[in-house]
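Please read the structure below before turning to the comments.
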Amino acid sequence: MADFIGTTNFLNGDVVGAPDGEGQTLVSLADGQRVLIKSDKRPALGDKVTFAYRPEQMRMAAANDQAIGGSIIQADVVSHSYVGGRWQIGLSVGGDLLRIETQEATSDRQLRLWLPVTGGILFTERNHGKSH
């Protein structure tokens, strides 16, 4: 997590489905879960990418929720605290640490997390100054 103008969550993965006509890219996370993200970027199959979401863009998904307009992944709960009228829940997904904010408390050790297709920011390794 990084704190610049608030908190941002970063997930790392590999492109397993190159962008389609709508700019949607399928990314496999370190633990094998897959996430669909829409971006102007056009990463190639096999590229390493990082994508960023704000905590308020993500939400807990119920057992019967469908992944409409996004992706649903499993996350391990590593912390939770009540702050200013809402819960901040710390999560681990494939080794990446995330934080979401919600009105709902949870005592679960694992939860389903919904990530929107749009609204996230996709970075390729080239954008981070690393060799490709």
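Chain labels run A, B, ... following the order of the structure tokens; each chain numbers its residues from 1, and ligands are numbered from 1 in the order shown.
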
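Residues in contact with Tyr53 (chain A) at 10 Å, where only C-alpha atoms are counted and same-chain residues fewer than 6 positions away are skipped, are listed as Thr7, Thr8, Asn9, Phe10, Leu11, Leu98, Arg99, Ile100, Leu115, Pro116, Thr118, Gly119, Gly120, Ile121 and Leu122 of chain A.
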
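Secondary structure by DSSP on the backbone puts the following residues of chain A in helix (DSSP H, G or I): A:Pro55, A:Glu56, A:Gln57, A:Glu125, A:Arg126, A:Asn127, A:His128.
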
Which neighbours of region 45-52 of chain A fall inside 12 Å, counting only C-alpha atoms, when residues of the same chain fewer than 6 positions from it are skipped, and could you give them as a PyMOL selection string?
-> chain A and resi 1-2+7-20+25-30+35-39+58+96-99+115-128+130-132

Between CA of Gln66 (chain A) and CA of Trp87 (chain A) - distance in Å to one decimal | 23.3 Å

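Restricting the calculation to only C-alpha atoms, the smallest distance between Ala44 (chain A) and any of A:Gln88, A:Gly23, A:Ser81, A:Ala75 is found for A:Gly23.
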